Amino acid sequence: MTDHAGPRTASTDAPSPATQPPDTDVSQPWEDDNQAWWDWYVSLAENEDTPGELQQLDPLPDLDLPDDEAVARELRAPYELTQADRDYFAANGYIKLKGVMSPGVTLRLRYELVRILAETFETQLDGGAENRFLSAEMVWLDNPLIREYVLSPRIARICAELLNVDGVRLYHDNVLSKEPGCGRTPWHYDDHHFPLDTHDVVTAWAPAQAIPMAMGPLAFAKPIDVYKLVEAVQFDKSNTSYDRKVAEVFRDNNVAVDDSPFELGEVSFHHNLSFHTAKGNHTTRSRVILANTYYADGARVVDSPTMVSGDWQKFMPGVGPGEVAASELNPVCWPVDGRARGGPRRR
Ligand SMILES: O=C(O)CCC(=O)C(=O)O
Ligand SMILES: [Fe+2]
């Protein structure tokens, strides 16, 4: 999971007498796996638009692919951020950066992720599992190539610099494939998905191919503090009302939404307070993503994780509520020489 949502259990909305009381109790832990979490989660999205015919895209570019060593070299080399990049992220809660990966490194990622997903789900991608949102995680543990992408010093350094902290740890990797015909991702922010006591959390959402509009690019509401507009919207775990109401509030307040396409090698970084969504995948190609979440070294697990936090204990074995989030599955990815000195710095 790049597990997330933006639930609030308190509401100022008067319940309609004709409807059931809202199903707002998310206090119990998530008992099922991460795939089941995503199946539940995308069911909370409104899908008014009928997708119609799926669009056939041009073939993927025919490139000489880099070998493992060249992939590792690129993902360890620095990517220089400008002050304008950092300011943009601080103001808007997300940034899209072109050229974080070269086209060849991006396509190697796609071929490897497609292979892993096809094996895991015993299906073909690009049409064999229509309408589904496939998810696999902890892939870095036994795949050395994917480990280079997940623990990438290049990507982790971008995250640390955007958050303005000394060091970041991995929360978890998340391979996501929005299959042809799969509908929208509901409006949400990731804060509640991560049972961490810090707001210094960022997800690097790395598409493994270009994402044209018809494939449903991740789309961000800006600036970052638009989350305050929807704090009173009541989360309902059993229907699409949360997604619909957030969309209404944003529309009524003329909130700007960046839903621009992603070119090959472009990666977005979103803060855990950034509200985001995505349209459905109306193409015949799977929308394959590696979404890795990182947090400031030194952060702790909150005292009471909820079901929206998904199966977080899998990502931090042996770490209990209230404890420092630093299991062996949460390596410091930046700086490369290990643990950052001192605690996290706030933005
Ligand atoms: O890929 C998507 O549609 C949603 C991903 C997401 O919400 C995230 O990575 O935070
Ligand atoms: Fe998210």
# chains A, B, ... in the order shown; residues from 1 in each chain; ligands from 1
>>> residues_near_ligand(ligand="ligand 2", cutoff="12 Å", atoms="only C-alpha atoms and all ligand atoms", output="number ranges by chain")
A: 1-6, 38, 41-42, 94, 174, 176, 185-194, 201-205, 218-220, 268-278, 291-293, 308-309
>>> write_last_selection(atoms="C-alpha atoms", output="short mmCIF file (atom, residue, chain, number, x, y, z; two decimals), in the first residue's frame")
data_model
loop_
_atom_site.label_atom_id
_atom_site.label_comp_id
_atom_site.auth_asym_id
_atom_site.auth_seq_id
_atom_site.Cartn_x
_atom_site.Cartn_y
_atom_site.Cartn_z
CA MET A 1 0.00 0.00 0.00
CA THR A 2 1.02 3.47 -0.31
CA ASP A 3 -1.69 3.27 2.10
CA HIS A 4 -3.60 6.39 2.81
CA ALA A 5 -6.83 8.27 3.18
CA GLY A 6 -8.01 11.42 4.81
CA TRP A 38 -6.38 -1.55 -1.82
CA TYR A 41 -9.81 1.53 -0.78
CA VAL A 42 -10.57 2.00 -4.48
CA TYR A 94 4.10 17.91 -3.73
CA ASN A 174 4.62 -0.44 -2.85
CA LEU A 176 0.91 -0.59 -7.71
CA THR A 185 -8.39 6.54 -6.77
CA PRO A 186 -10.46 8.36 -4.13
CA TRP A 187 -9.45 11.80 -2.85
CA HIS A 188 -7.32 11.41 0.24
CA TYR A 189 -4.18 12.38 1.99
CA ASP A 190 -1.76 9.83 3.34
CA ASP A 191 -1.50 11.10 6.90
CA HIS A 192 -3.86 8.55 8.40
CA HIS A 193 -2.31 5.68 6.52
CA PHE A 194 0.97 6.13 8.22
CA VAL A 201 6.64 11.78 5.60
CA VAL A 202 6.90 11.77 1.82
CA THR A 203 6.04 9.29 -0.91
CA ALA A 204 8.12 9.07 -4.07
CA TRP A 205 5.62 7.93 -6.72
CA LEU A 218 -1.67 11.08 -9.85
CA ALA A 219 -3.25 14.53 -9.37
CA PHE A 220 -2.56 16.93 -6.52
CA SER A 268 6.32 12.94 -8.10
CA PHE A 269 6.93 13.43 -4.39
CA HIS A 270 3.98 14.07 -2.10
CA HIS A 271 3.85 15.04 1.55
CA ASN A 272 1.49 13.16 3.83
CA LEU A 273 -0.79 16.21 4.08
CA SER A 274 -1.07 16.63 0.30
CA PHE A 275 -4.53 15.77 -1.01
CA HIS A 276 -4.40 13.63 -4.14
CA THR A 277 -6.53 11.50 -6.40
CA ALA A 278 -6.24 9.88 -9.84
CA ALA A 291 5.61 4.17 -4.71
CA ASN A 292 8.06 4.28 -1.81
CA THR A 293 7.36 6.10 1.41
CA VAL A 308 -6.69 2.99 7.77
CA SER A 309 -3.06 2.41 8.71
#
>>> residues_around(residues="region 212-214 of chain A", least_positions_apart="5", cutoff="8 Å", atoms="only C-alpha atoms", output="number ranges by chain")
A: 55, 259-263, 280-283
>>> residues_around(residues="Glu148 (chain A)", least_positions_apart="4", cutoff="12 Å", atoms="only C-alpha atoms", output="PyMOL selection string")
chain A and resi 68-77+105+108-109+139-144+152-156+173+290+333
>>> select_by_dssp(residues="region 171-248 of chain A", states="helix (DSSP H, G or I)", output="list in words")
Asp191, His192, His193, Met213, Ala214, Met215, Ile224, Asp225, Val226, Tyr227, Lys228, Leu229, Val230, Ser241, Tyr242, Asp243, Arg244, Lys245, Val246, Ala247 and Glu248 of chain A
>>> select_by_dssp(residues="region 86-198 of chain A", states="strand (DSSP E or B)", output="PDB file with C-alpha atoms, in the first residue's frame")
ATOM      1  CA  TYR A  94       4.103  17.907  -3.727  1.00  0.00           C
ATOM      2  CA  ILE A  95       6.452  18.333  -6.637  1.00  0.00           C
ATOM      3  CA  LYS A  96       6.855  16.577  -9.971  1.00  0.00           C
ATOM      4  CA  LEU A  97      10.476  16.262 -11.096  1.00  0.00           C
ATOM      5  CA  PHE A 133      -5.796  -2.367  -8.675  1.00  0.00           C
ATOM      6  CA  LEU A 134      -2.925  -4.751  -8.007  1.00  0.00           C
ATOM      7  CA  SER A 135      -0.541  -4.171  -5.139  1.00  0.00           C
ATOM      8  CA  ALA A 136       2.598  -5.898  -3.916  1.00  0.00           C
ATOM      9  CA  VAL A 168      15.091   9.447   6.093  1.00  0.00           C
ATOM     10  CA  ARG A 169      14.108   5.838   6.656  1.00  0.00           C
ATOM     11  CA  LEU A 170      12.050   3.616   4.395  1.00  0.00           C
ATOM     12  CA  TYR A 171       8.480   3.009   5.602  1.00  0.00           C
ATOM     13  CA  HIS A 172       7.780   0.574   2.785  1.00  0.00           C
ATOM     14  CA  VAL A 175       4.244  -1.788  -6.337  1.00  0.00           C
ATOM     15  CA  LEU A 176       0.915  -0.586  -7.711  1.00  0.00           C
ATOM     16  CA  SER A 177      -0.690  -1.452 -10.981  1.00  0.00           C
ATOM     17  CA  LYS A 178      -3.912   0.224 -11.990  1.00  0.00           C
ATOM     18  CA  THR A 185      -8.394   6.542  -6.773  1.00  0.00           C
ATOM     19  CA  PRO A 186     -10.460   8.363  -4.131  1.00  0.00           C
ATOM     20  CA  TRP A 187      -9.453  11.805  -2.853  1.00  0.00           C
ATOM     21  CA  HIS A 188      -7.320  11.413   0.236  1.00  0.00           C
ATOM     22  CA  LEU A 196       3.780   7.792  12.562  1.00  0.00           C
TER      23      LEU A 196
END
>>> closest_residue(among="A:Lys279, A:Ala232, A:Ala206, A:Thr198", to="Ala325 (chain A)", atoms="only C-alpha atoms")
A:Thr198
>>> closest_residue(among="A:Gln209, A:Gly127, A:Gln56, A:Asp62", to="Pro180 (chain A)", atoms="only C-alpha atoms")
A:Gly127
>>> closest_residue(among="A:Lys98, A:Arg244, A:Arg300, A:Arg132", to="ligand 1", atoms="only C-alpha atoms and all ligand atoms")
A:Arg132
>>> closest_residue(among="A:Asp225, A:Glu266, A:Glu161, A:Glu248", to="Trp334 (chain A)", atoms="only C-alpha atoms")
A:Glu161
>>> closest_residue(among="A:Arg147, A:Arg184, A:His199, A:Arg110", to="ligand 1", atoms="only C-alpha atoms and all ligand atoms")
A:Arg184
>>> closest_residue(among="A:Pro66, A:Gly183, A:Pro195, A:Pro317", to="ligand 1", atoms="only C-alpha atoms and all ligand atoms")
A:Gly183
>>> atom_distance(atom1="CA of Gly167 (chain A)", atom2="CA of Ser102 (chain A)")
24.9 Å
>>> atom_distance(atom1="CA of Gly265 (chain A)", atom2="atom 7 (O, counted along the ligand's line) of ligand 1")
18.8 Å
